[in-house]
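Asks: Quick one, target.pdb (PDB, C-alpha atoms, pLDDT in the B column):
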ATOM      1  CA  MET C   1      27.318   8.093  34.437  1.00 86.00           C
ATOM      2  CA  ASP C   2      30.027   6.039  36.082  1.00 89.00           C
ATOM      3  CA  ILE C   3      32.771   8.026  37.777  1.00 93.00           C
ATOM      4  CA  ILE C   4      36.236   7.122  38.988  1.00 94.00           C
ATOM      5  CA  PHE C   5      37.996   9.301  41.525  1.00 97.00           C
ATOM      6  CA  LEU C   6      41.525  10.045  42.612  1.00 97.00           C
ATOM      7  CA  HIS C   7      41.700  11.865  45.928  1.00 97.00           C
ATOM      8  CA  GLU C   8      44.610  13.616  47.606  1.00 97.00           C
ATOM      9  CA  LEU C   9      47.054  13.210  44.732  1.00 97.00           C
ATOM     10  CA  LYS C  10      50.110  15.264  45.655  1.00 97.00           C
ATOM     11  CA  VAL C  11      52.208  16.784  42.860  1.00 96.00           C
ATOM     12  CA  LYS C  12      55.086  19.282  42.842  1.00 94.00           C
ATOM     13  CA  THR C  13      54.760  22.125  40.350  1.00 94.00           C
ATOM     14  CA  LEU C  14      55.529  25.789  39.802  1.00 93.00           C
ATOM     15  CA  VAL C  15      52.420  27.821  40.533  1.00 93.00           C
ATOM     16  CA  GLY C  16      51.909  31.324  41.836  1.00 91.00           C
ATOM     17  CA  ILE C  17      52.540  35.001  41.327  1.00 90.00           C
ATOM     18  CA  TYR C  18      54.691  35.916  44.317  1.00 87.00           C
ATOM     19  CA  PRO C  19      58.479  36.115  43.881  1.00 89.00           C
ATOM     20  CA  TRP C  20      59.113  33.152  46.193  1.00 84.00           C
ATOM     21  CA  GLU C  21      56.714  31.018  44.110  1.00 84.00           C
ATOM     22  CA  LEU C  22      58.386  31.693  40.770  1.00 86.00           C
ATOM     23  CA  ASN C  23      61.391  29.413  41.269  1.00 87.00           C
ATOM     24  CA  ALA C  24      60.383  26.979  43.999  1.00 88.00           C
ATOM     25  CA  ALA C  25      58.087  24.088  43.190  1.00 90.00           C
ATOM     26  CA  GLN C  26      55.190  23.714  45.599  1.00 91.00           C
ATOM     27  CA  THR C  27      53.294  20.602  46.537  1.00 92.00           C
ATOM     28  CA  ILE C  28      49.676  20.869  45.480  1.00 95.00           C
ATOM     29  CA  GLN C  29      46.849  18.481  46.195  1.00 97.00           C
ATOM     30  CA  LEU C  30      44.500  17.287  43.470  1.00 98.00           C
ATOM     31  CA  ASP C  31      41.119  15.627  43.780  1.00 98.00           C
ATOM     32  CA  LEU C  32      39.679  14.333  40.527  1.00 98.00           C
ATOM     33  CA  GLU C  33      36.318  12.873  39.616  1.00 98.00           C
ATOM     34  CA  ILE C  34      36.333  11.533  36.077  1.00 97.00           C
ATOM     35  CA  GLY C  35      33.295  10.444  34.103  1.00 95.00           C
ATOM     36  CA  LEU C  36      33.965   7.178  32.335  1.00 90.00           C
ATOM     37  CA  PRO C  37      33.646   7.238  28.551  1.00 84.00           C
ATOM     38  CA  ALA C  38      31.763   3.907  28.747  1.00 79.00           C
ATOM     39  CA  SER C  39      30.488   1.645  31.505  1.00 76.00           C
ATOM     40  CA  ARG C  40      31.672  -1.576  29.848  1.00 82.00           C
ATOM     41  CA  ALA C  41      34.242  -2.298  32.579  1.00 83.00           C
ATOM     42  CA  CYS C  42      31.389  -2.923  35.040  1.00 84.00           C
ATOM     43  CA  GLN C  43      30.053  -5.732  32.863  1.00 85.00           C
ATOM     44  CA  THR C  44      33.254  -7.178  31.405  1.00 86.00           C
ATOM     45  CA  ASP C  45      35.628  -6.896  34.393  1.00 88.00           C
ATOM     46  CA  ASN C  46      38.273  -6.299  31.717  1.00 86.00           C
ATOM     47  CA  PHE C  47      41.102  -3.794  32.162  1.00 86.00           C
ATOM     48  CA  GLU C  48      40.894  -2.928  28.452  1.00 83.00           C
ATOM     49  CA  ASP C  49      37.449  -1.395  29.096  1.00 81.00           C
ATOM     50  CA  ALA C  50      38.576   0.754  32.050  1.00 84.00           C
ATOM     51  CA  LEU C  51      40.520   3.970  32.506  1.00 89.00           C
ATOM     52  CA  ASP C  52      44.065   3.344  33.715  1.00 92.00           C
ATOM     53  CA  TYR C  53      44.466   5.283  36.984  1.00 93.00           C
ATOM     54  CA  ALA C  54      48.243   4.995  36.842  1.00 95.00           C
ATOM     55  CA  ALA C  55      48.330   6.426  33.310  1.00 96.00           C
ATOM     56  CA  ILE C  56      46.224   9.388  34.435  1.00 97.00           C
ATOM     57  CA  VAL C  57      48.528  10.099  37.381  1.00 97.00           C
ATOM     58  CA  GLN C  58      51.631   9.782  35.191  1.00 97.00           C
ATOM     59  CA  ARG C  59      50.182  12.131  32.564  1.00 98.00           C
ATOM     60  CA  ILE C  60      49.326  14.740  35.208  1.00 97.00           C
ATOM     61  CA  ASN C  61      52.808  14.496  36.725  1.00 97.00           C
ATOM     62  CA  ASP C  62      54.372  14.903  33.273  1.00 96.00           C
ATOM     63  CA  ALA C  63      52.164  17.885  32.401  1.00 96.00           C
ATOM     64  CA  LEU C  64      52.806  19.709  35.665  1.00 96.00           C
ATOM     65  CA  SER C  65      56.557  19.172  35.496  1.00 93.00           C
ATOM     66  CA  GLN C  66      56.713  20.866  32.079  1.00 91.00           C
ATOM     67  CA  LYS C  67      54.564  23.940  32.611  1.00 92.00           C
ATOM     68  CA  ARG C  68      54.380  26.879  35.002  1.00 93.00           C
ATOM     69  CA  PHE C  69      51.090  28.453  36.091  1.00 95.00           C
ATOM     70  CA  SER C  70      50.303  31.806  37.670  1.00 94.00           C
ATOM     71  CA  LEU C  71      46.845  30.756  38.850  1.00 94.00           C
ATOM     72  CA  LEU C  72      45.347  27.576  40.246  1.00 95.00           C
ATOM     73  CA  GLU C  73      42.392  28.207  37.934  1.00 97.00           C
ATOM     74  CA  ALA C  74      44.628  27.833  34.863  1.00 97.00           C
ATOM     75  CA  LEU C  75      46.295  24.743  36.309  1.00 97.00           C
ATOM     76  CA  ALA C  76      42.896  23.131  36.968  1.00 98.00           C
ATOM     77  CA  GLU C  77      41.723  23.956  33.437  1.00 98.00           C
ATOM     78  CA  HIS C  78      44.878  22.428  31.945  1.00 98.00           C
ATOM     79  CA  ILE C  79      44.305  19.177  33.839  1.00 98.00           C
ATOM     80  CA  ALA C  80      40.597  19.138  32.926  1.00 98.00           C
ATOM     81  CA  GLN C  81      41.405  19.473  29.228  1.00 97.00           C
ATOM     82  CA  ILE C  82      43.945  16.633  29.393  1.00 97.00           C
ATOM     83  CA  ILE C  83      41.344  14.346  30.979  1.00 97.00           C
ATOM     84  CA  LEU C  84      38.610  15.326  28.502  1.00 97.00           C
ATOM     85  CA  MET C  85      40.731  15.168  25.365  1.00 96.00           C
ATOM     86  CA  GLU C  86      43.339  12.496  25.961  1.00 96.00           C
ATOM     87  CA  PHE C  87      41.317  10.107  28.124  1.00 95.00           C
ATOM     88  CA  LYS C  88      38.020  10.777  26.296  1.00 93.00           C
ATOM     89  CA  SER C  89      36.079  11.493  29.462  1.00 95.00           C
ATOM     90  CA  PRO C  90      32.653  13.087  28.970  1.00 96.00           C
ATOM     91  CA  TRP C  91      32.903  15.005  32.269  1.00 97.00           C
ATOM     92  CA  VAL C  92      35.527  15.877  34.859  1.00 98.00           C
ATOM     93  CA  LYS C  93      35.667  17.674  38.199  1.00 98.00           C
ATOM     94  CA  VAL C  94      39.107  18.967  39.206  1.00 98.00           C
ATOM     95  CA  SER C  95      39.908  20.369  42.636  1.00 98.00           C
ATOM     96  CA  VAL C  96      43.357  21.907  43.110  1.00 97.00           C
ATOM     97  CA  ALA C  97      44.666  23.138  46.450  1.00 96.00           C
ATOM     98  CA  LYS C  98      47.828  24.762  47.710  1.00 91.00           C
ATOM     99  CA  LEU C  99      48.804  23.352  51.078  1.00 89.00           C
ATOM    100  CA  SER C 100      49.532  25.815  53.872  1.00 72.00           C
ATOM    101  CA  ALA C 101      49.680  28.770  51.474  1.00 68.00           C
ATOM    102  CA  ILE C 102      48.042  31.037  54.038  1.00 67.00           C
ATOM    103  CA  ARG C 103      48.826  30.909  57.726  1.00 76.00           C
ATOM    104  CA  SER C 104      46.022  29.216  59.682  1.00 77.00           C
ATOM    105  CA  VAL C 105      44.469  27.773  56.479  1.00 70.00           C
ATOM    106  CA  LYS C 106      45.133  24.103  55.781  1.00 78.00           C
ATOM    107  CA  ARG C 107      44.314  24.286  52.048  1.00 83.00           C
ATOM    108  CA  VAL C 108      43.239  26.992  49.624  1.00 84.00           C
ATOM    109  CA  GLY C 109      42.169  26.215  46.098  1.00 92.00           C
ATOM    110  CA  VAL C 110      39.658  25.981  43.299  1.00 96.00           C
ATOM    111  CA  CYS C 111      37.230  23.403  41.968  1.00 98.00           C
ATOM    112  CA  ILE C 112      36.048  23.311  38.351  1.00 98.00           C
ATOM    113  CA  GLU C 113      33.746  21.034  36.376  1.00 98.00           C
ATOM    114  CA  ARG C 114      33.956  20.618  32.623  1.00 97.00           C
ATOM    115  CA  GLU C 115      32.089  18.595  30.008  1.00 96.00           C
ATOM    116  CA  SER C 116      33.377  17.355  26.705  1.00 92.00           C
ATOM    117  CA  LYS C 117      32.151  19.448  23.817  1.00 84.00           C
ATOM    118  CA  SER C 118      31.397  16.247  21.907  1.00 70.00           C
ATOM    119  CA  VAL C 119      28.800  15.098  24.461  1.00 53.00           C
TER     120      VAL C 119
END
How does the structure come out when it is put into structure tokens?
Replies:
Amino acid sequence: MDIIFLHELKVKTLVGIYPWELNAAQTIQLDLEIGLPASRACQTDNFEDALDYAAIVQRINDALSQKRFSLLEALAEHIAQIILMEFKSPWVKVSVAKLSAIRSVKRVGVCIERESKSV
């Protein structure tokens, strides 16, 4: 399987359960590994056969600006389902981290892997 990745994507969103998190958007960091639906782009060198990185980033930004999450787990699942369903990926790995959420910890987060049910 061919995989594209987007590392250290920073997005502002509402996430958390503490009172200070309910109304103040936080910057989170995303790392994505996305299984390509086909490996044609390697042979054709044609953009039409590839996943559009910019479209993926825009879709994630749009999704996270419209929804609030209590847990990073739910946020990661939401992103995974967008990638699987809208971009037709057979597999995705989503890592989501809050930056400096805990004193003396640089990042705290979750990592999930999901496969398309149609695979």
Asks: Find the residues near Gly109 in chain C: any atom within 7 Å, counting all atoms listed in the file, skip ones fewer than 2 places away on the same chain, and give them as a ChimeraX atom specification.
Replies: /C:72,96-98,107
Asks: Evaluate the PyMOL selection byres ((chain C and resi 46-63) around 8) on the structure here and hand back the selected residues as a list in words.
Replies: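 Against this file, the PyMOL selection byres ((chain C and resi 46-63) around 8) returns the residues Leu6, Val11, Leu36, Ala38, Ser39, Arg40, Ala41, Thr44, Asp45, Leu64, Ser65, Gln66, Lys67, Ile79, Ile83 and Phe87 of chain C.
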Asks: Can you list, as a list in words, the residues that the PyMOL selection byres ((chain C and resi 12) around 6) selects here?
Replies: Val11, Thr13, Ala25, Gln26 and Thr27 of chain C
Asks: In Å, rounded to a single decimal, give me how far CA of Ser95 in chain C is from CA of Gly35 in chain C.
Replies: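 Here the two named atoms are 14.7 Å from each other.
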Asks: Could you please determine the separation between CA of Arg114 in chain C and CA of Ile3 in chain C in Å, to one decimal place?
Replies: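 So the two atoms, CA of Arg114 in chain C and CA of Ile3 in chain C, lie 13.7 Å apart.
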Asks: Find the distance between CA of Leu99 in chain C and CA of Ile28 in chain C and write it in Å to one decimal.
Replies: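 Here the two named atoms are 6.2 Å from each other.
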Asks: Which of these residues is nearest to Ser100 in chain C, using all atoms listed in the file: C:Cys42, C:Gln29, C:Phe69, C:Glu115?
Replies: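 When distances to Ser100 in chain C are compared using all atoms listed in the file, the smallest one comes from C:Gln29.
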Asks: Closest to Gly16 in chain C among C:Leu75, C:Leu84, C:Val92, C:Leu30, using all atoms listed in the file?
Replies: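 Distance minimum relative to Gly16 in chain C lands on C:Leu75.
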Asks: Could you tell me which of C:Met1, C:Ile82, C:Ser70, C:Leu32 comes closest to Glu113 in chain C if we count only C-alpha atoms?
Replies: C:Leu32
Asks: Using all atoms listed in the file, which of the listed residues (C:Gln43, C:Ser104, C:Gln81, C:Asn23) sits closest to Lys117 in chain C?
Replies: C:Gln81
Asks: May I have the protein, DNA and RNA residues with an atom at most 6 Å from (40.5, 20.7, 36.1), counting only C-alpha atoms in the file's coordinates, returned as a list in words?
Replies: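 Those within range, by chain then number, are Ala76, Glu77, Ile79, Ala80, Val94 and Ile112 of chain C.
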Asks: Is it possible to get the axis-aligned box enclosing range 25-37 of chain C (all listed atoms, 3 Å extra per side) as lines of an AutoDock Vina configuration file, with centre and edge lengths in Å rounded to one decimal?
Replies:
center_x = 45.7
center_y = 15.6
center_z = 37.5
size_x = 30.8
size_y = 22.9
size_z = 24.0
Asks: Could you check which of C:Ala74, C:Phe5, C:Pro37, C:Lys106 is closest to Glu86 in chain C, using all atoms listed in the file?
Replies: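 Looking at the shortest contact to Glu86 in chain C, the residue is C:Pro37.
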Asks: Some atoms are absent from range 28-56 of chain C, so rebuild N, CA and C atoms and return them as a short mmCIF file (atom, residue, chain, number, x, y, z; two decimals), keeping the file's coordinate frame.
Replies:
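To be explicit, this is the file written out as part01.cif:
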data_model
loop_
_atom_site.label_atom_id
_atom_site.label_comp_id
_atom_site.auth_asym_id
_atom_site.auth_seq_id
_atom_site.Cartn_x
_atom_site.Cartn_y
_atom_site.Cartn_z
N ILE C 28 51.11 20.59 45.54
CA ILE C 28 49.68 20.87 45.48
C ILE C 28 48.94 19.55 45.66
N GLN C 29 47.69 19.67 46.04
CA GLN C 29 46.85 18.48 46.20
C GLN C 29 45.73 18.52 45.16
N LEU C 30 45.55 17.40 44.48
CA LEU C 30 44.50 17.29 43.47
C LEU C 30 43.47 16.26 43.90
N ASP C 31 42.21 16.58 43.66
CA ASP C 31 41.12 15.63 43.78
C ASP C 31 40.42 15.62 42.44
N LEU C 32 40.29 14.46 41.84
CA LEU C 32 39.68 14.33 40.53
C LEU C 32 38.48 13.39 40.58
N GLU C 33 37.43 13.77 39.90
CA GLU C 33 36.32 12.87 39.62
C GLU C 33 36.21 12.87 38.10
N ILE C 34 36.25 11.67 37.53
CA ILE C 34 36.33 11.53 36.08
C ILE C 34 35.20 10.65 35.58
N GLY C 35 34.36 11.23 34.72
CA GLY C 35 33.30 10.44 34.10
C GLY C 35 33.89 9.44 33.13
N LEU C 36 33.45 8.21 33.23
CA LEU C 36 33.97 7.18 32.34
C LEU C 36 33.35 7.30 30.95
N PRO C 37 34.16 7.14 29.91
CA PRO C 37 33.65 7.24 28.55
C PRO C 37 32.62 6.15 28.24
N ALA C 38 32.71 5.01 28.93
CA ALA C 38 31.76 3.91 28.75
C ALA C 38 31.69 3.13 30.06
N SER C 39 30.62 2.42 30.26
CA SER C 39 30.49 1.64 31.50
C SER C 39 30.74 0.16 31.27
N ARG C 40 31.42 -0.16 30.18
CA ARG C 40 31.67 -1.58 29.85
C ARG C 40 32.46 -2.30 30.92
N ALA C 41 33.40 -1.63 31.58
CA ALA C 41 34.24 -2.30 32.58
C ALA C 41 33.41 -2.94 33.69
N CYS C 42 32.26 -2.36 34.01
CA CYS C 42 31.39 -2.92 35.04
C CYS C 42 30.85 -4.29 34.63
N GLN C 43 30.59 -4.46 33.35
CA GLN C 43 30.05 -5.73 32.86
C GLN C 43 31.15 -6.74 32.51
N THR C 44 32.24 -6.25 31.92
CA THR C 44 33.25 -7.18 31.40
C THR C 44 34.33 -7.54 32.41
N ASP C 45 34.55 -6.69 33.43
CA ASP C 45 35.63 -6.90 34.39
C ASP C 45 36.97 -7.00 33.66
N ASN C 46 37.09 -6.25 32.57
CA ASN C 46 38.27 -6.30 31.72
C ASN C 46 39.00 -4.96 31.78
N PHE C 47 40.29 -5.01 32.06
CA PHE C 47 41.10 -3.79 32.16
C PHE C 47 41.07 -2.97 30.88
N GLU C 48 40.94 -3.62 29.75
CA GLU C 48 40.89 -2.93 28.45
C GLU C 48 39.71 -1.97 28.36
N ASP C 49 38.66 -2.22 29.13
CA ASP C 49 37.45 -1.40 29.10
C ASP C 49 37.44 -0.31 30.17
N ALA C 50 38.51 -0.19 30.92
CA ALA C 50 38.58 0.75 32.05
C ALA C 50 39.57 1.88 31.76
N LEU C 51 39.49 2.94 32.55
CA LEU C 51 40.52 3.97 32.51
C LEU C 51 41.66 3.53 33.42
N ASP C 52 42.87 3.74 32.97
CA ASP C 52 44.06 3.34 33.72
C ASP C 52 44.44 4.47 34.69
N TYR C 53 44.17 4.26 35.97
CA TYR C 53 44.47 5.28 36.98
C TYR C 53 45.93 5.69 36.95
N ALA C 54 46.80 4.71 36.83
CA ALA C 54 48.24 5.00 36.84
C ALA C 54 48.64 5.87 35.65
N ALA C 55 48.03 5.62 34.50
CA ALA C 55 48.33 6.43 33.31
C ALA C 55 47.86 7.87 33.51
N ILE C 56 46.73 8.04 34.16
CA ILE C 56 46.22 9.39 34.44
C ILE C 56 47.18 10.13 35.36
#
